[in-house]
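The block underneath contains the structure these notes are about, expressed in structure tokens.
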Amino acid sequence: MKPLNKIIRRYLYRITFILIAAILVFLATVQFITEQYRAVDDSHRTLRQIEQVLLENKKELEEIEAEYNETCLNNAETVSHIIEKDPAVMNDLEGLKKIAEMVEIDEIHLFDKTGRIYTGTHPEYYNLTFDSGEQIKFFKPMLTDKSLKLVQDITPNTAEEKPMQYSAIWSESGEYIVQIGMEPVNVLKITEKNELSYIFSLFRVNPDINYYSINSETFEILGSSDMDNLGLNAEDVGFNMDKIKNDPDGFHNTIDGILSFCIFTELDGNYIGCVITAQHIYRRVPATVLWIVLSLLTITLILIKLVTNHLNKYVVGELHEVNEKLLAISEGNLNTQVDVKSSKELAELSEYINTMIKSLLENSKRISYILSKTNLYIGTYEYGGKSNIVRYTGHVPLLMNAESMEEKEALTDIDNFKTRIDGIRSNPISDEENIYLTDKRYIRIEENENDGVVFGVMVDVTDEMNKRKELERERDIDTLTGLYNRRGINARLEELMANPEELGHSAIIMIDADGLKGINDTYGHEKGDIYLKKIANLINNFGIKSSVSARQGGDEYVLFLYDYDSEEELMRTLETLRYIQSTSTASLGKNIIVPLRFSMGYCIVEDDYDIQNLFKIADKRMYEDKTERKKQLAKTE
């Protein structure tokens, strides 16, 4: 028969490793499920945001369409009134074109009572009738009802298939029909904003996450942040449409040859969803499982060694007292001392057990020490139930800015603790869940209540928030010049023009670098970059009042001057810039000094705060200036 210590040792090894394997399987399963739940929650939150953006864009589109329809009718009435005042202009092509330019429309067509175009700004359309095509046929009911005033939806026109919006009314005399056509630029821009691929691109911040919209009937991919899959059949890419329809909590699929986790929801008869690579979702699992394995193995080997090295056949009769001591220890009473001395072996066992308890206490202190050295500030607290005292870990006072001993002691009072928690929660961070700003740091607070007992966790996320803000700032800055980029200047100007009463006299200036190609060809692109930075530095430091500057891309810049007291003062500043554009020089390196030249066009901001329209006007004038400067340069040569 084998010795008891060997039997116990073999039994402990066998049972322990089986338990470790079971625990690992359980914990790994829990970890996988937890990561899936986190992915589902994050995806549904993002999908709700996408749905909200779609609804807002749809509402904006409807408002602009209604406004545009009213403008179309008003323009048609204006043209009709002008022609009624001067009927001779009907036979004057240039006169009709001037009317169109004055009213800011693209086309004018006059139909006779039979529905035939007999004059207008576009002779190529003459003799077309209401039966010449599906688009123009829309207005045919006007031949039988002169009270009609019709505005057509945006439709490709009959002659050129160009997107246009037409409106038509009868003249005041009732002798002809006036039809005008306008290119719906603003409506088309808003329509583009409503495209799913564009919206998906706004939400895609991780290359391992893609968004899709799939037609529920044809399975065509209508929109995707992965443009290579746009227009393909979803099943050809790898999607299982049955799972998309029946599994809203997510499923695994191999998409484009990559194992992924997919979460879809139905919206307006289509499916929109988030596809995350399995590698990204479960990236934390291997490290967590490895840490658990090492920890369990270490603890197991230590315990088995301590127990099996000192067990023998005489210990069994004395185990009862030892077990009572161990029971007290297992209930959390680490002050318990095992002092069984009936035998040398049990005395040694008592000593080993007491040493283990001391080691656990010291390890707890070591862990707290290590955490304090890693700048990882995590605190937990608990209150409620039968206790009137708040219990908390060491970092809680630090996170709650309780520095003095009196403040720390006061935290044990429930009412005072709740007051401090409410004070932190009074300053939440927008668009962030459970994150609040204190005087010194960003704090995440999460609580769980069970049977009247509140358990809370506080984490210092200051570094994470600061890094995120830095990333957001870098998105708006041009890396070469340090000025705003296109996205940054648009956001900044929208912010400024939201309060036009604070702008004072202001102007938008479009600037285009002259001679960049020659510098690149002569000195190389590195010197060309220096040339671009010299212009950027010039406009960034220009102006006697407030200004915002940006590099639109390539050799184009934007300068916005504002907060000027009078238009005269603003114009003097613009004249100074006009003088600088032809008199400055730039040093590109040792013995390389070149003229610093640029073309410019500006637009004074008055009642129009449409940024894109102001850009368009200034840009047009800038190109006119560039053309004139080229002519002047040609004359001098």
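In the structure tokens, chains take letters A, B, ... by order of appearance, with residues numbered from 1 within each chain and ligands from 1 in the order shown.
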
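For A:Asp476, the residues within 6 Å (counting only C-alpha atoms, excluding itself and residues fewer than 2 positions away along the chain) are Arg473, Glu474, Tyr484, Asn485, Arg487 and Gly488 of chain A.
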
- What lies within 8 Å of stretch 578-585 of chain A using only C-alpha atoms, ignoring chain neighbours under 6 positions off, as a PyMOL selection string? chain A and resi 593-600

- Message: List as a list in words the protein and nucleic acid residues near A:Phe200, meaning an atom at most 9 Å away when only C-alpha atoms are counted, but skip any in the same chain fewer than 6 places from it.
- Response: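 The neighbour list is Ile50, Asn210, Tyr211, Tyr212, Gly223, Ser224 and Ser225 of chain A.
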
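The set of residues in stretch 84-164 of chain A assigned to strand (DSSP E or B) by DSSP, using only backbone atoms of this structure, is Glu107, Ile108, His109, Leu110, Phe111, Arg116, Ile117, Tyr118, Thr119, Gly120, Thr129, Lys149, Leu150, Val151, Thr155, Pro156, Pro163 and Met164 of chain A.
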
So that I can check the surroundings of A:Trp291, please list as a CSV table (one decimal) with C-alpha atoms, in the first residue's frame every protein, DNA and RNA residue that reaches within 12 Å of it, counting only C-alpha atoms and ignoring chain neighbours fewer than 5 positions away.
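This is the output file result-v8.csv:
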```
chain,number,residue,atom,x,y,z
A,24,LEU,CA,-9.8,28.0,-17.6
A,27,LEU,CA,-13.2,31.9,-17.7
A,28,ALA,CA,-12.2,31.8,-21.3
A,284,ARG,CA,-7.5,40.8,-24.9
A,285,VAL,CA,-8.4,37.1,-24.4
A,286,PRO,CA,-5.0,35.4,-24.9
A,296,LEU,CA,-3.3,29.3,-11.0
A,297,LEU,CA,-0.2,27.2,-11.7
A,298,THR,CA,1.9,29.2,-9.4
```
